[in-house]
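Structure data follow from coords00.csv (CSV, N, CA and C atoms and all ligand atoms):
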```csv
chain,number,residue,atom,x,y,z
A,1,MET,N,-3.1,-16.6,48.4
A,1,MET,CA,-3.3,-15.6,47.3
A,1,MET,C,-2.2,-15.7,46.2
A,2,LEU,N,-1.0,-15.8,46.7
A,2,LEU,CA,0.1,-15.9,45.7
A,2,LEU,C,0.0,-17.3,45.0
A,3,GLU,N,-0.4,-18.3,45.8
A,3,GLU,CA,-0.5,-19.6,45.2
A,3,GLU,C,-1.6,-19.6,44.1
A,4,LYS,N,-2.7,-18.9,44.4
A,4,LYS,CA,-3.8,-18.8,43.5
A,4,LYS,C,-3.4,-18.2,42.1
A,5,ILE,N,-2.6,-17.1,42.2
A,5,ILE,CA,-2.1,-16.4,41.0
A,5,ILE,C,-1.2,-17.3,40.2
A,6,LYS,N,-0.3,-18.1,41.0
A,6,LYS,CA,0.6,-19.0,40.4
A,6,LYS,C,-0.2,-20.0,39.6
A,7,ASN,N,-1.2,-20.6,40.2
A,7,ASN,CA,-2.1,-21.6,39.5
A,7,ASN,C,-2.7,-21.0,38.3
A,8,LEU,N,-3.2,-19.8,38.4
A,8,LEU,CA,-3.8,-19.1,37.3
A,8,LEU,C,-2.9,-19.0,36.1
A,9,ILE,N,-1.6,-18.6,36.4
A,9,ILE,CA,-0.6,-18.4,35.3
A,9,ILE,C,-0.3,-19.8,34.7
A,10,VAL,N,-0.1,-20.8,35.5
A,10,VAL,CA,0.2,-22.1,35.0
A,10,VAL,C,-0.9,-22.7,34.1
A,11,SER,N,-2.2,-22.5,34.5
A,11,SER,CA,-3.3,-23.0,33.7
A,11,SER,C,-3.4,-22.2,32.4
A,12,ALA,N,-3.2,-20.9,32.5
A,12,ALA,CA,-3.2,-20.1,31.3
A,12,ALA,C,-2.1,-20.5,30.3
A,13,ARG,N,-0.9,-20.9,30.9
A,13,ARG,CA,0.2,-21.3,30.0
A,13,ARG,C,-0.1,-22.6,29.4
A,14,ASN,N,-0.7,-23.5,30.1
A,14,ASN,CA,-1.1,-24.8,29.6
A,14,ASN,C,-2.1,-24.7,28.5
A,15,LYS,N,-3.0,-23.8,28.7
A,15,LYS,CA,-4.1,-23.5,27.7
A,15,LYS,C,-3.4,-23.0,26.4
A,16,VAL,N,-2.5,-22.1,26.5
A,16,VAL,CA,-1.8,-21.5,25.3
A,16,VAL,C,-1.0,-22.6,24.6
A,17,ALA,N,-0.3,-23.5,25.4
A,17,ALA,CA,0.5,-24.5,24.8
A,17,ALA,C,-0.3,-25.5,24.1
A,18,SER,N,-1.6,-25.7,24.5
A,18,SER,CA,-2.4,-26.7,23.9
A,18,SER,C,-3.1,-26.2,22.6
A,19,MET,N,-3.0,-24.9,22.4
A,19,MET,CA,-3.7,-24.3,21.2
A,19,MET,C,-2.9,-24.6,20.0
A,20,SER,N,-3.6,-24.7,18.9
A,20,SER,CA,-2.8,-25.0,17.6
A,20,SER,C,-2.1,-23.7,17.2
A,21,PRO,N,-1.0,-23.9,16.5
A,21,PRO,CA,-0.2,-22.7,16.1
A,21,PRO,C,-1.0,-21.8,15.2
A,22,LYS,N,-1.9,-22.3,14.4
A,22,LYS,CA,-2.7,-21.4,13.5
A,22,LYS,C,-3.6,-20.5,14.3
A,23,ILE,N,-4.2,-21.0,15.3
A,23,ILE,CA,-5.1,-20.2,16.2
A,23,ILE,C,-4.3,-19.2,16.9
A,24,MET,N,-3.1,-19.6,17.4
A,24,MET,CA,-2.2,-18.7,18.0
A,24,MET,C,-1.8,-17.5,17.1
A,25,ALA,N,-1.6,-17.9,15.8
A,25,ALA,CA,-1.2,-16.9,14.8
A,25,ALA,C,-2.3,-15.9,14.6
A,26,VAL,N,-3.6,-16.3,14.6
A,26,VAL,CA,-4.7,-15.4,14.4
A,26,VAL,C,-4.8,-14.5,15.6
A,27,ILE,N,-4.8,-15.1,16.8
A,27,ILE,CA,-4.9,-14.3,18.0
A,27,ILE,C,-3.8,-13.3,18.2
A,28,VAL,N,-2.6,-13.8,18.0
A,28,VAL,CA,-1.4,-12.9,18.1
A,28,VAL,C,-1.4,-11.8,17.1
A,29,GLY,N,-1.8,-12.2,15.8
A,29,GLY,CA,-1.9,-11.2,14.8
A,29,GLY,C,-3.0,-10.1,15.1
A,30,TYR,N,-4.1,-10.5,15.7
A,30,TYR,CA,-5.1,-9.6,16.1
A,30,TYR,C,-4.6,-8.6,17.1
A,31,PHE,N,-3.9,-9.2,18.1
A,31,PHE,CA,-3.4,-8.4,19.2
A,31,PHE,C,-2.4,-7.4,18.7
A,32,ILE,N,-1.5,-7.9,17.8
A,32,ILE,CA,-0.5,-7.0,17.3
A,32,ILE,C,-1.2,-5.8,16.5
A,33,ALA,N,-2.2,-6.1,15.8
A,33,ALA,CA,-2.9,-5.1,15.0
A,33,ALA,C,-3.5,-4.1,16.0
A,34,VAL,N,-4.1,-4.6,17.1
A,34,VAL,CA,-4.8,-3.6,18.0
A,34,VAL,C,-3.7,-2.8,18.7
A,35,VAL,N,-2.6,-3.4,19.1
A,35,VAL,CA,-1.5,-2.7,19.8
A,35,VAL,C,-0.9,-1.7,18.9
A,36,LEU,N,-0.7,-2.1,17.6
A,36,LEU,CA,-0.1,-1.1,16.6
A,36,LEU,C,-1.0,0.1,16.4
A,37,LEU,N,-2.3,-0.2,16.4
A,37,LEU,CA,-3.3,0.9,16.2
A,37,LEU,C,-3.3,1.9,17.4
A,38,VAL,N,-3.2,1.3,18.6
A,38,VAL,CA,-3.3,2.1,19.8
A,38,VAL,C,-2.0,2.9,19.9
A,39,LEU,N,-0.8,2.3,19.6
A,39,LEU,CA,0.5,3.0,19.6
A,39,LEU,C,0.5,4.1,18.5
A,40,THR,N,-0.1,3.8,17.4
A,40,THR,CA,-0.2,4.9,16.3
A,40,THR,C,-1.1,6.0,16.8
A,41,TYR,N,-2.1,5.7,17.5
A,41,TYR,CA,-3.0,6.7,18.1
A,41,TYR,C,-2.2,7.6,19.0
A,42,TYR,N,-1.5,7.0,20.0
A,42,TYR,CA,-0.7,7.8,20.9
A,42,TYR,C,0.4,8.6,20.2
A,43,ALA,N,1.0,8.0,19.2
A,43,ALA,CA,2.1,8.7,18.5
A,43,ALA,C,1.5,9.9,17.7
A,44,ALA,N,0.4,9.7,17.1
A,44,ALA,CA,-0.3,10.8,16.3
A,44,ALA,C,-0.8,11.9,17.3
A,45,TRP,N,-1.3,11.4,18.5
A,45,TRP,CA,-1.8,12.4,19.5
A,45,TRP,C,-0.6,13.3,19.9
A,46,MET,N,0.5,12.6,20.2
A,46,MET,CA,1.7,13.4,20.7
A,46,MET,C,2.2,14.3,19.6
A,47,TYR,N,2.2,13.8,18.4
A,47,TYR,CA,2.7,14.7,17.2
A,47,TYR,C,1.8,15.9,17.1
A,48,MET,N,0.5,15.7,17.2
A,48,MET,CA,-0.4,16.9,17.0
A,48,MET,C,-0.3,17.8,18.2
A,49,TRP,N,-0.1,17.2,19.4
A,49,TRP,CA,-0.1,18.0,20.6
A,49,TRP,C,1.2,18.9,20.6
A,50,LEU,N,2.3,18.3,20.1
A,50,LEU,CA,3.6,19.0,20.1
A,50,LEU,C,3.7,20.0,19.0
A,51,TRP,N,3.3,19.6,17.7
A,51,TRP,CA,3.6,20.4,16.6
A,51,TRP,C,2.4,21.1,15.9
A,52,LEU,N,1.2,20.6,16.2
A,52,LEU,CA,0.1,21.2,15.6
A,52,LEU,C,-0.8,21.9,16.6
A,53,ASP,N,-1.6,22.8,16.2
A,53,ASP,CA,-2.5,23.5,17.2
A,53,ASP,C,-3.6,22.6,17.7
A,54,LYS,N,-4.2,21.8,16.7
A,54,LYS,CA,-5.4,21.1,17.1
A,54,LYS,C,-5.2,19.6,17.0
A,55,ILE,N,-6.0,18.9,17.7
A,55,ILE,CA,-5.9,17.4,17.7
A,55,ILE,C,-7.1,16.9,17.1
A,56,VAL,N,-7.0,16.3,15.9
A,56,VAL,CA,-8.1,15.7,15.2
A,56,VAL,C,-7.9,14.2,15.0
A,57,MET,N,-8.5,13.4,15.8
A,57,MET,CA,-8.3,11.9,15.8
A,57,MET,C,-9.5,11.1,15.5
A,58,SER,N,-10.6,11.7,15.1
A,58,SER,CA,-11.8,11.0,15.0
A,58,SER,C,-11.8,9.8,14.1
A,59,ASP,N,-11.0,9.9,13.0
A,59,ASP,CA,-10.9,8.7,12.0
A,59,ASP,C,-10.2,7.5,12.7
A,60,LEU,N,-9.0,7.8,13.3
A,60,LEU,CA,-8.3,6.7,13.9
A,60,LEU,C,-9.0,6.1,15.1
A,61,LEU,N,-9.6,7.0,15.8
A,61,LEU,CA,-10.4,6.5,17.0
A,61,LEU,C,-11.6,5.6,16.5
A,62,ALA,N,-12.2,6.0,15.4
A,62,ALA,CA,-13.3,5.2,14.9
A,62,ALA,C,-12.8,3.8,14.5
A,63,LEU,N,-11.6,3.8,13.9
A,63,LEU,CA,-11.0,2.6,13.4
A,63,LEU,C,-10.6,1.7,14.6
A,64,ILE,N,-10.1,2.3,15.7
A,64,ILE,CA,-9.8,1.5,16.9
A,64,ILE,C,-11.0,0.9,17.5
A,65,ARG,N,-12.1,1.7,17.5
A,65,ARG,CA,-13.4,1.3,18.1
A,65,ARG,C,-13.9,0.1,17.3
A,66,GLU,N,-13.7,0.2,15.9
A,66,GLU,CA,-14.2,-0.8,15.0
A,66,GLU,C,-13.5,-2.1,15.3
A,67,ILE,N,-12.2,-2.1,15.4
A,67,ILE,CA,-11.4,-3.3,15.4
A,67,ILE,C,-11.4,-3.9,16.8
A,68,THR,N,-11.8,-3.2,17.9
A,68,THR,CA,-11.9,-3.8,19.2
A,68,THR,C,-13.4,-4.0,19.5
A,69,GLY,N,-14.3,-3.7,18.6
A,69,GLY,CA,-15.7,-3.8,18.8
A,69,GLY,C,-16.2,-5.3,18.8
A,70,PRO,N,-17.4,-5.5,19.3
A,70,PRO,CA,-17.9,-6.9,19.4
A,70,PRO,C,-18.0,-7.6,18.1
A,71,ALA,N,-18.3,-6.9,17.0
A,71,ALA,CA,-18.4,-7.6,15.7
A,71,ALA,C,-17.0,-8.2,15.2
A,72,MET,N,-16.0,-7.3,15.4
A,72,MET,CA,-14.6,-7.8,15.0
A,72,MET,C,-14.1,-8.9,15.9
A,73,VAL,N,-14.4,-8.8,17.2
A,73,VAL,CA,-14.0,-9.9,18.1
A,73,VAL,C,-14.7,-11.2,17.8
A,74,ALA,N,-16.0,-11.1,17.5
A,74,ALA,CA,-16.8,-12.3,17.0
A,74,ALA,C,-16.2,-12.9,15.8
A,75,PHE,N,-15.8,-12.0,14.8
A,75,PHE,CA,-15.2,-12.4,13.6
A,75,PHE,C,-13.9,-13.2,13.8
A,76,VAL,N,-13.0,-12.6,14.7
A,76,VAL,CA,-11.7,-13.2,14.9
A,76,VAL,C,-12.0,-14.6,15.6
A,77,THR,N,-12.9,-14.6,16.6
A,77,THR,CA,-13.2,-15.9,17.3
A,77,THR,C,-13.7,-16.9,16.3
A,78,PHE,N,-14.6,-16.5,15.3
A,78,PHE,CA,-15.1,-17.4,14.3
A,78,PHE,C,-14.0,-17.9,13.5
A,79,ILE,N,-13.0,-17.1,13.0
A,79,ILE,CA,-11.9,-17.5,12.2
A,79,ILE,C,-11.0,-18.5,13.0
A,80,ALA,N,-10.8,-18.2,14.3
A,80,ALA,CA,-9.9,-19.0,15.1
A,80,ALA,C,-10.5,-20.4,15.4
A,81,THR,N,-11.9,-20.4,15.7
A,81,THR,CA,-12.5,-21.7,15.9
A,81,THR,C,-12.6,-22.5,14.6
A,82,SER,N,-12.7,-21.8,13.5
A,82,SER,CA,-12.8,-22.5,12.2
A,82,SER,C,-11.5,-23.2,11.8
A,83,LEU,N,-10.4,-22.8,12.5
A,83,LEU,CA,-9.1,-23.4,12.2
A,83,LEU,C,-8.8,-24.7,12.9
A,84,VAL,N,-9.7,-25.0,13.9
A,84,VAL,CA,-9.5,-26.2,14.7
A,84,VAL,C,-9.8,-27.4,13.8
A,85,ASP,N,-8.8,-28.3,13.6
A,85,ASP,CA,-8.9,-29.5,12.8
A,85,ASP,C,-8.1,-30.6,13.4
A,86,LYS,N,-8.6,-31.2,14.5
A,86,LYS,CA,-7.8,-32.1,15.3
A,86,LYS,C,-7.5,-33.4,14.5
A,87,ASP,N,-8.5,-33.9,13.7
A,87,ASP,CA,-8.3,-35.1,13.0
A,87,ASP,C,-7.5,-35.0,11.7
A,88,GLY,N,-7.2,-33.7,11.3
A,88,GLY,CA,-6.3,-33.4,10.2
A,88,GLY,C,-6.8,-33.8,8.9
A,89,ASP,N,-8.2,-33.8,8.7
A,89,ASP,CA,-8.7,-34.2,7.3
A,89,ASP,C,-8.9,-32.9,6.5
A,90,GLY,N,-8.5,-31.8,7.0
A,90,GLY,CA,-8.6,-30.6,6.2
A,90,GLY,C,-10.0,-29.9,6.3
A,91,VAL,N,-10.9,-30.5,7.0
A,91,VAL,CA,-12.2,-29.9,7.2
A,91,VAL,C,-12.3,-29.4,8.7
A,92,PRO,N,-12.6,-28.1,8.9
A,92,PRO,CA,-12.7,-27.6,10.3
A,92,PRO,C,-13.7,-28.5,11.1
A,93,ASP,N,-13.3,-28.9,12.3
A,93,ASP,CA,-14.1,-29.7,13.1
A,93,ASP,C,-15.5,-29.1,13.4
A,94,LYS,N,-15.5,-27.8,13.5
A,94,LYS,CA,-16.8,-27.1,13.7
A,94,LYS,C,-17.8,-27.4,12.6
A,95,PHE,N,-17.3,-27.3,11.4
A,95,PHE,CA,-18.2,-27.6,10.3
A,95,PHE,C,-18.6,-29.0,10.1
A,96,GLU,N,-17.7,-29.9,10.5
A,96,GLU,CA,-17.9,-31.3,10.5
A,96,GLU,C,-19.1,-31.6,11.5
A,97,GLN,N,-19.0,-31.0,12.7
A,97,GLN,CA,-20.1,-31.2,13.7
A,97,GLN,C,-21.4,-30.7,13.2
A,98,GLU,N,-21.4,-29.6,12.5
A,98,GLU,CA,-22.6,-29.0,12.0
A,98,GLU,C,-23.2,-30.0,10.9
A,99,ALA,N,-22.3,-30.6,10.1
A,99,ALA,CA,-22.8,-31.5,9.1
A,99,ALA,C,-23.4,-32.7,9.7
A,100,GLU,N,-22.7,-33.2,10.8
A,100,GLU,CA,-23.3,-34.4,11.5
A,100,GLU,C,-24.6,-34.0,12.1
A,101,ASN,N,-24.8,-32.8,12.6
A,101,ASN,CA,-26.0,-32.4,13.2
A,101,ASN,C,-27.2,-32.4,12.2
A,102,ASN,N,-26.8,-32.1,11.0
A,102,ASN,CA,-27.8,-31.9,9.9
A,102,ASN,C,-28.2,-33.3,9.4
A,103,GLY,N,-27.6,-34.3,9.9
A,103,GLY,CA,-28.0,-35.7,9.5
A,103,GLY,C,-27.4,-36.1,8.1
A,104,ASP,N,-28.1,-36.9,7.4
A,104,ASP,CA,-27.6,-37.4,6.1
A,104,ASP,C,-27.8,-36.5,5.0
A,105,LYS,N,-28.4,-35.3,5.2
A,105,LYS,CA,-28.7,-34.4,4.1
A,105,LYS,C,-27.4,-34.0,3.4
A,106,LYS,N,-26.3,-33.6,4.3
A,106,LYS,CA,-25.1,-33.2,3.7
A,106,LYS,C,-24.1,-34.3,3.5
A,107,ASN,N,-24.1,-35.3,4.4
A,107,ASN,CA,-23.2,-36.4,4.3
A,107,ASN,C,-23.4,-37.2,3.1
A,108,HIS,N,-24.6,-37.1,2.5
A,108,HIS,CA,-25.1,-37.8,1.3
A,108,HIS,C,-24.1,-37.6,0.2
A,109,PHE,N,-23.6,-36.4,0.1
A,109,PHE,CA,-22.8,-36.0,-1.1
A,109,PHE,C,-21.3,-36.3,-0.9
A,110,ARG,N,-20.9,-36.8,0.3
A,110,ARG,CA,-19.5,-37.1,0.5
A,110,ARG,C,-19.0,-38.3,-0.3
B,1,CA,CA,-11.5,-32.3,10.7
```
For the file at hand, write its structure as structure tokens.
Ligand SMILES: [Ca+2]
Amino acid sequence: MLEKIKNLIVSARNKVASMSPKIMAVIVGYFIAVVLLVLTYYAAWMYMWLWLDKIVMSDLLALIREITGPAMVAFVTFIATSLVDKDGDGVPDKFEQEAENNGDKKNHFR
């Protein structure tokens, strides 16, 4: 069991190490934004609970729901995968693959 957890941590660390710094920046930035929003939520909740009579959090809660929702996660994933450029020609590899899949239609103009 302990060995299994250790292997999991090692493989996760290797995965993180093999990621490009740009993708790391996007993912870390996204997580910081989510954590900041959640912390703001708790801070505002405490403030209202301690000093105000009522707790009105619907706007902030809606924002947190929006940023952690499937659409936003898909968007962040899209941005992160669009930053993969292993051959370093400035064109994201994902779009290069799509261009290749479309045949000579697009490559014609290169
Ligand atoms: Ca490329």
Give me the residues of chain A that have any atom at most 6 Å from an atom of ligand CA 1 (chain B); for each, the nearest atom pair and the distance in Å, rounded to one decimal. Use only C-alpha atoms and all ligand atoms, sort by chain and number, and format it as JSON lines.
```
{"residue": "A:Asp85", "atom": "CA", "partner": "B:CA1", "partner_atom": "CA", "distance": 4.4}
{"residue": "A:Lys86", "atom": "CA", "partner": "B:CA1", "partner_atom": "CA", "distance": 5.9}
{"residue": "A:Asp87", "atom": "CA", "partner": "B:CA1", "partner_atom": "CA", "distance": 4.8}
{"residue": "A:Gly88", "atom": "CA", "partner": "B:CA1", "partner_atom": "CA", "distance": 5.3}
{"residue": "A:Asp89", "atom": "CA", "partner": "B:CA1", "partner_atom": "CA", "distance": 4.8}
{"residue": "A:Gly90", "atom": "CA", "partner": "B:CA1", "partner_atom": "CA", "distance": 5.6}
{"residue": "A:Val91", "atom": "CA", "partner": "B:CA1", "partner_atom": "CA", "distance": 4.3}
{"residue": "A:Pro92", "atom": "CA", "partner": "B:CA1", "partner_atom": "CA", "distance": 4.9}
{"residue": "A:Asp93", "atom": "CA", "partner": "B:CA1", "partner_atom": "CA", "distance": 4.4}
```
Top pick for closest residue to A:Leu83, considering A:Val16, A:Met48, A:Val10, A:Ile23 and counting only N, CA and C atoms: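 Selected residue with least distance to A:Leu83: A:Ile23.
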Which value, in Å to one decimal, gives the distance between atom C of A:Thr40 and atom N of A:Met24?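 Value for the atom C of A:Thr40-atom N of A:Met24 distance: 25.7 Å.
With atom CA of A:Leu63 on one side and atom CA of A:Thr81 on the other, the separation reads 24.5 Å.
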Just the residues within 6.5 Å of A:Lys94, please, counting all atoms listed in the file, with nothing from its chain fewer than 5 positions along; format it as an MDAnalysis selection string. chainID A and resid 81:82 84 99
Go ahead and write the selection's residues with N, CA and C atoms as a tab-separated table (two decimals), in the frame of the given file.
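The new file result_3.tsv reads:
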```
chain	number	residue	atom	x	y	z
A	81	THR	N	-11.90	-20.40	15.70
A	81	THR	CA	-12.50	-21.70	15.90
A	81	THR	C	-12.60	-22.50	14.60
A	82	SER	N	-12.70	-21.80	13.50
A	82	SER	CA	-12.80	-22.50	12.20
A	82	SER	C	-11.50	-23.20	11.80
A	84	VAL	N	-9.70	-25.00	13.90
A	84	VAL	CA	-9.50	-26.20	14.70
A	84	VAL	C	-9.80	-27.40	13.80
A	99	ALA	N	-22.30	-30.60	10.10
A	99	ALA	CA	-22.80	-31.50	9.10
A	99	ALA	C	-23.40	-32.70	9.70
```
Return as a PyMOL selection string the full set of residues in stretch 26-77 of chain A whose backbone-based DSSP assignment is helix (DSSP H, G or I). chain A and resi 26-51+58-67+70-77
Would you compute the distance between atom CA of A:Glu3 and atom CA of A:Lys15? Give it in Å to one decimal.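 About the pair atom CA of A:Glu3 and atom CA of A:Lys15: they are 18.3 Å apart.
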